[in-house]
Amino acid sequence: MKPLPITPDRTVAAVRDQQQRFMRWPDALLQSRTEQLRTKIKSEQRHAPPPANSRFWQRWWQPTASDAMIEAHGLMAEAVRRTTGKLFYDVQLQAGWILSSGSIAEMQTGEGKTLTTGLPVFWQALAGRGCHVSTVNEYLARRDFETLQPSFDLLGLTVGHIDSKMGVAEKQQAYRCDITYGPGYEFGFDFLRDQIALRSAPRRKLGMEYLAHLRGESVEQKNALIGRRLAFAVIDEADSVLIDEATTPLILSGQETSPRVGGSQIEAYFAADRIAQQLQPEEDYRVASIDRSIELTPTGWFRIHQHFAQSPQLRLARAWSCYVDNALRARQILCRDVDYVVRNGSVEIVDQNTGRIHPDRSWRNGLHQAVQVKERVAVVAEQQTQARITRQRFISQYDAICGLTGTAQAAADELKDFYRLSVVSIPTHRPCHRIGLPSRYFSNLRSKQASIVAEIRARHAHGAPMLVGTRTIAESRSISAALHSCGVPHRTLNGVQDESEADLIALAGQPGSVTIATNMAGRGTDIGLSDASRRRGGLHVIATEHHPCSRVDRQLIGRGARQGDPGSYQFFVSAEDELFDQTPQLAESIAARCEGAPDAQHDFSSQITRLQNDLEHQAYQRRAQLNRADQWLDRVLETVAKEAV
Ligand SMILES: Nc1ncnc2c1ncn2[C@@H]1O[C@H](COP(=O)(O)OP(=O)(O)OP(=O)(O)O)[C@@H](O)[C@H]1O
């Protein structure tokens, strides 16, 4: 599909004209018009030239931009109006056009991306090849699905939703729909599950596929696959998925069926934990500040092997130093209520990007077991990796994608280089009234937290709703405990709370409401304000530290002052924040200037921006390296395939 010339005004006017026309039509007529469009697009598809064999997107037929696209957008806009009572803003129609043209639309936080996705999704779903709406978590997948399901129903399209707790049959049903909502990682895991099924399925004899077709059986049913061909995806929070998580692999594990070393393996984890507690930092091992990797010194190396020689009964599945490395990582690097939580007698990983807890995930190669030993919970068998894929590589399996986010421009070059996607910025619907208060700096964490609590108490007295964004669960707990002790009522959203996420968010915009939240309330969370809250200045966001990536900071402050509402934010920074781990000079300078005078007017914002830029550049280089490795792998696979022919 060729990118369309962007003529926002003409496009918006044309879609509005179509919608005006449809406003007079009864529901049944909208449905039959959808059916006609679907037939037209399918016939175009049948007569399209064969696929070009390129690696990236748009290698298969895509519906071309035409009057049909304008009409489809008009139909969807009208269906949304009838089912939600909301009339698309001009900026949403513009963004819809950009998305249907296969680009990334940068819409500021709170501008209504959920409804906007309906436009490209409806358009692409007409081709009947399945369209995925990929969100960053299950809560958003369900919320967005429930928001737009009535509109798609009205137009006669089928729509489903997947989550990690569903069984195969339920998922298959959702995947057979025209549109499927789900968290991006779950689409990836299902893809891996299908790859495994395909690998182990017996090869069919020539003609069997056709016979199955004549019997009315679909190939997917025959193979008991979960999903189907990856045709088109709309990626919500595109920068998080395509950039921040690009190098995080999706790993599908299965329980180890034949443990290689039996019960003495468990003893090895414990022995490694014992020696790890005896090793001395700097003398026996060093922790690298850049990637937090652990390196044993020659003395440490000697000590661990001396220890091993005294335990002849230990039988190992890997080198002894790996056990000790895991035990050191578990003790020195991974922190409870930061990297993981301990719940119901098991260790559950916290996703650092989303703040969500994933009970079904585990660290590999014995690290998870080392953490279980440290926490003295039951040690479970190691799991074998069955299949893995990087997110970057998984996304490249789609024929075409488009995406939305509030923070894409900063990553525009990378999106172009790696994914061949252009970024188009969409203006805001109403002017933004967000007020940024000067950051406050402290020499240590203790004085920072005391000031945060004092600030919350003072603001609470005036009744403005507040969102306090913390980096870790531990910090959310610590601020919560401090507020308890001074009698400030509040709620906590950190993945281990008892209340439902939706209920907490529904209350967060009420006057006087104080919500302490980890990254769970970062991207996508929509905090609705009451009129009384607007009169008190809207939502005030307190960010308890800077994230290494400035886009994550912008997402957090973007929870307030949405769509022209009032709102404000302020950062609290301490010299002991994790951000400064790699720049001790900056930490020392903040500590020295703030010592004894925490509220003096200091400004380190330009140094912090520079530091964030440096860290983002380092992360970019890691992703570029992975991308090169992926391209190399593709070339190898292509060569192997050619030689096989
Ligand atoms: N056309 C519209 N008319 C009225 N309200 C709208 C319209 N579009 C969206 N909204 C409302 O605006 C709010 C924000 O929408 P939404 O959560 O989709 O924003 P977002 O851009 O996805 O935010 P974020 O960047 O935080 O993910 C919601 O309450 C939604 O119902």
# chains A, B, ... in the order shown; residues from 1 in each chain; ligands from 1
$ residues_near_ligand --ligand "ligand 1" --cutoff "6 Å" --atoms "only C-alpha atoms and all ligand atoms" --output "PDB file with C-alpha atoms, in the first residue's frame"
ATOM      1  CA  LYS A  86     -19.407  10.237  20.963  1.00  0.00           C
ATOM      2  CA  LEU A  87     -18.799  12.123  17.761  1.00  0.00           C
ATOM      3  CA  PHE A  88     -15.245  11.714  16.468  1.00  0.00           C
ATOM      4  CA  TYR A  89     -13.178  14.875  16.794  1.00  0.00           C
ATOM      5  CA  THR A 109      -1.989  11.409  25.882  1.00  0.00           C
ATOM      6  CA  GLY A 110      -5.725  11.401  26.509  1.00  0.00           C
ATOM      7  CA  GLU A 111      -6.735  12.489  23.015  1.00  0.00           C
ATOM      8  CA  GLY A 112      -8.951   9.443  22.450  1.00  0.00           C
ATOM      9  CA  LYS A 113      -6.762   6.780  20.830  1.00  0.00           C
ATOM     10  CA  THR A 114      -9.081   3.943  21.862  1.00  0.00           C
ATOM     11  CA  LEU A 115     -11.941   5.138  19.667  1.00  0.00           C
ATOM     12  CA  GLY A 406       1.448   9.797  22.679  1.00  0.00           C
ATOM     13  CA  ARG A 523       0.375   4.160  29.678  1.00  0.00           C
ATOM     14  CA  GLY A 524      -3.262   3.984  28.699  1.00  0.00           C
ATOM     15  CA  THR A 525      -4.840   4.722  32.075  1.00  0.00           C
ATOM     16  CA  ASP A 526      -7.721   7.131  31.687  1.00  0.00           C
TER      17      ASP A 526
END
$ select_by_dssp --residues "stretch 437-520 of chain A" --states "helix (DSSP H, G or I)" --output "PyMOL selection string"
chain A and resi 445-462+473-485+501-507+519-520
$ residues_around --residues "stretch 376-392 of chain A" --least-positions-apart "6" --cutoff "8 Å" --atoms "only C-alpha atoms" --output "list in words"
Tyr185, Gly188, Leu192, Ile196, Val241, Leu242, Glu245, Ala246, Thr247, Thr248, Pro249, Leu250, Ile251, Leu252, Ser253, Gly254, Gln255, Glu256, Pro259, Ile266, Gly345, Ser346, Val347, Arg364, Asn365, Gly366, Gln369 and Asn627 of chain A
$ closest_residue --among "A:Met466, A:Ile235, A:Ala458, A:Ala543" --to "A:Leu507" --atoms "only C-alpha atoms"
A:Met466
$ residues_around --residues "A:Gln306" --least-positions-apart "6" --cutoff "12 Å" --atoms "only C-alpha atoms" --output "VMD selection string"
chain A and resid 275 299 to 300 312 320 to 321
$ write_last_selection --atoms "N, CA and C atoms" --output "short mmCIF file (atom, residue, chain, number, x, y, z; two decimals), in the first residue's frame"
data_model
loop_
_atom_site.label_atom_id
_atom_site.label_comp_id
_atom_site.auth_asym_id
_atom_site.auth_seq_id
_atom_site.Cartn_x
_atom_site.Cartn_y
_atom_site.Cartn_z
N ILE A 275 27.52 -20.19 49.50
CA ILE A 275 28.83 -19.58 49.19
C ILE A 275 28.65 -18.12 48.76
N THR A 299 40.30 -14.26 43.11
CA THR A 299 40.12 -14.76 44.49
C THR A 299 38.77 -15.43 44.64
N GLY A 300 37.74 -14.76 44.10
CA GLY A 300 36.39 -15.32 44.20
C GLY A 300 36.31 -16.65 43.47
N PRO A 312 31.54 -33.05 47.18
CA PRO A 312 31.66 -33.96 46.04
C PRO A 312 30.33 -34.57 45.61
N TRP A 320 29.61 -24.82 37.60
CA TRP A 320 29.38 -24.41 38.99
C TRP A 320 29.34 -22.89 39.10
N SER A 321 30.18 -22.23 38.32
CA SER A 321 30.22 -20.76 38.41
C SER A 321 28.86 -20.15 38.01
#
$ residues_around --residues "A:Ser425" --least-positions-apart "6" --cutoff "7 Å" --atoms "only C-alpha atoms" --output "list of chain:residue names"
A:Ala105, A:Glu106, A:Met107
$ decode --residues "stretch 362-439 of chain A" --atoms "C-alpha atoms" --output "PDB file, in the first residue's frame"
ATOM      1  CA  SER A 362      10.089 -17.304  35.176  1.00  0.00           C
ATOM      2  CA  TRP A 363      13.770 -16.428  34.790  1.00  0.00           C
ATOM      3  CA  ARG A 364      15.797 -18.985  32.883  1.00  0.00           C
ATOM      4  CA  ASN A 365      18.870 -21.149  33.421  1.00  0.00           C
ATOM      5  CA  GLY A 366      18.401 -21.590  37.150  1.00  0.00           C
ATOM      6  CA  LEU A 367      18.072 -17.901  38.107  1.00  0.00           C
ATOM      7  CA  HIS A 368      14.434 -18.318  39.150  1.00  0.00           C
ATOM      8  CA  GLN A 369      15.435 -21.220  41.396  1.00  0.00           C
ATOM      9  CA  ALA A 370      18.226 -19.130  42.929  1.00  0.00           C
ATOM     10  CA  VAL A 371      15.646 -16.467  43.865  1.00  0.00           C
ATOM     11  CA  GLN A 372      13.352 -19.151  45.283  1.00  0.00           C
ATOM     12  CA  VAL A 373      16.222 -20.391  47.471  1.00  0.00           C
ATOM     13  CA  LYS A 374      16.962 -16.834  48.626  1.00  0.00           C
ATOM     14  CA  GLU A 375      13.302 -16.337  49.572  1.00  0.00           C
ATOM     15  CA  ARG A 376      13.064 -19.812  51.133  1.00  0.00           C
ATOM     16  CA  VAL A 377       9.996 -20.832  49.122  1.00  0.00           C
ATOM     17  CA  ALA A 378       9.480 -24.185  47.364  1.00  0.00           C
ATOM     18  CA  VAL A 379      12.003 -24.663  44.545  1.00  0.00           C
ATOM     19  CA  VAL A 380      10.284 -25.798  41.353  1.00  0.00           C
ATOM     20  CA  ALA A 381      11.912 -27.680  38.472  1.00  0.00           C
ATOM     21  CA  GLU A 382      13.634 -25.607  35.812  1.00  0.00           C
ATOM     22  CA  GLN A 383      11.654 -25.141  32.647  1.00  0.00           C
ATOM     23  CA  GLN A 384      12.929 -25.981  29.216  1.00  0.00           C
ATOM     24  CA  THR A 385      12.743 -23.300  26.541  1.00  0.00           C
ATOM     25  CA  GLN A 386      10.441 -24.624  23.838  1.00  0.00           C
ATOM     26  CA  ALA A 387      10.510 -21.628  21.545  1.00  0.00           C
ATOM     27  CA  ARG A 388      11.585 -18.008  21.639  1.00  0.00           C
ATOM     28  CA  ILE A 389      11.340 -14.943  19.450  1.00  0.00           C
ATOM     29  CA  THR A 390      12.177 -11.287  19.941  1.00  0.00           C
ATOM     30  CA  ARG A 391       9.229  -8.942  19.800  1.00  0.00           C
ATOM     31  CA  GLN A 392      10.878  -7.107  16.938  1.00  0.00           C
ATOM     32  CA  ARG A 393      11.009 -10.312  14.944  1.00  0.00           C
ATOM     33  CA  PHE A 394       7.490 -11.362  15.906  1.00  0.00           C
ATOM     34  CA  ILE A 395       6.056  -8.041  14.737  1.00  0.00           C
ATOM     35  CA  SER A 396       7.827  -8.502  11.419  1.00  0.00           C
ATOM     36  CA  GLN A 397       5.692 -11.609  10.825  1.00  0.00           C
ATOM     37  CA  TYR A 398       2.655  -9.377  10.214  1.00  0.00           C
ATOM     38  CA  ASP A 399       1.922  -8.403   6.634  1.00  0.00           C
ATOM     39  CA  ALA A 400       1.262  -4.840   7.723  1.00  0.00           C
ATOM     40  CA  ILE A 401       1.063  -2.831  10.908  1.00  0.00           C
ATOM     41  CA  CYS A 402       0.257   0.668  12.040  1.00  0.00           C
ATOM     42  CA  GLY A 403       0.381   2.192  15.506  1.00  0.00           C
ATOM     43  CA  LEU A 404      -0.554   4.952  17.897  1.00  0.00           C
ATOM     44  CA  THR A 405       1.124   6.515  20.860  1.00  0.00           C
ATOM     45  CA  GLY A 406       1.448   9.797  22.679  1.00  0.00           C
ATOM     46  CA  THR A 407       5.239   9.643  22.512  1.00  0.00           C
ATOM     47  CA  ALA A 408       6.508   8.634  19.060  1.00  0.00           C
ATOM     48  CA  GLN A 409       8.297  11.686  17.677  1.00  0.00           C
ATOM     49  CA  ALA A 410      11.353  11.127  19.918  1.00  0.00           C
ATOM     50  CA  ALA A 411      11.720   7.667  18.379  1.00  0.00           C
ATOM     51  CA  ALA A 412      10.746   8.583  14.810  1.00  0.00           C
ATOM     52  CA  ASP A 413      14.149   7.780  13.240  1.00  0.00           C
ATOM     53  CA  GLU A 414      14.273   4.385  14.866  1.00  0.00           C
ATOM     54  CA  LEU A 415      10.734   3.542  13.763  1.00  0.00           C
ATOM     55  CA  LYS A 416      11.687   4.493  10.221  1.00  0.00           C
ATOM     56  CA  ASP A 417      14.979   2.568  10.215  1.00  0.00           C
ATOM     57  CA  PHE A 418      13.771  -0.643  11.837  1.00  0.00           C
ATOM     58  CA  TYR A 419      10.137  -0.851  10.791  1.00  0.00           C
ATOM     59  CA  ARG A 420       9.830   1.480   7.798  1.00  0.00           C
ATOM     60  CA  LEU A 421       7.045   3.320   9.551  1.00  0.00           C
ATOM     61  CA  SER A 422       6.667   7.080   9.370  1.00  0.00           C
ATOM     62  CA  VAL A 423       5.415   9.101  12.291  1.00  0.00           C
ATOM     63  CA  VAL A 424       2.813  11.815  11.798  1.00  0.00           C
ATOM     64  CA  SER A 425       2.008  14.159  14.689  1.00  0.00           C
ATOM     65  CA  ILE A 426      -1.642  14.981  15.164  1.00  0.00           C
ATOM     66  CA  PRO A 427      -2.578  18.310  16.766  1.00  0.00           C
ATOM     67  CA  THR A 428      -4.478  18.254  20.052  1.00  0.00           C
ATOM     68  CA  HIS A 429      -8.249  18.558  20.061  1.00  0.00           C
ATOM     69  CA  ARG A 430      -8.132  21.390  22.596  1.00  0.00           C
ATOM     70  CA  PRO A 431      -5.145  23.435  23.829  1.00  0.00           C
ATOM     71  CA  CYS A 432      -3.224  21.653  26.600  1.00  0.00           C
ATOM     72  CA  HIS A 433      -3.325  23.360  30.031  1.00  0.00           C
ATOM     73  CA  ARG A 434      -0.823  21.131  31.836  1.00  0.00           C
ATOM     74  CA  ILE A 435       1.244  23.069  34.379  1.00  0.00           C
ATOM     75  CA  GLY A 436       4.729  21.761  35.177  1.00  0.00           C
ATOM     76  CA  LEU A 437       5.962  22.848  38.621  1.00  0.00           C
ATOM     77  CA  PRO A 438       9.734  23.122  39.132  1.00  0.00           C
ATOM     78  CA  SER A 439      11.344  19.816  40.152  1.00  0.00           C
TER      79      SER A 439
END
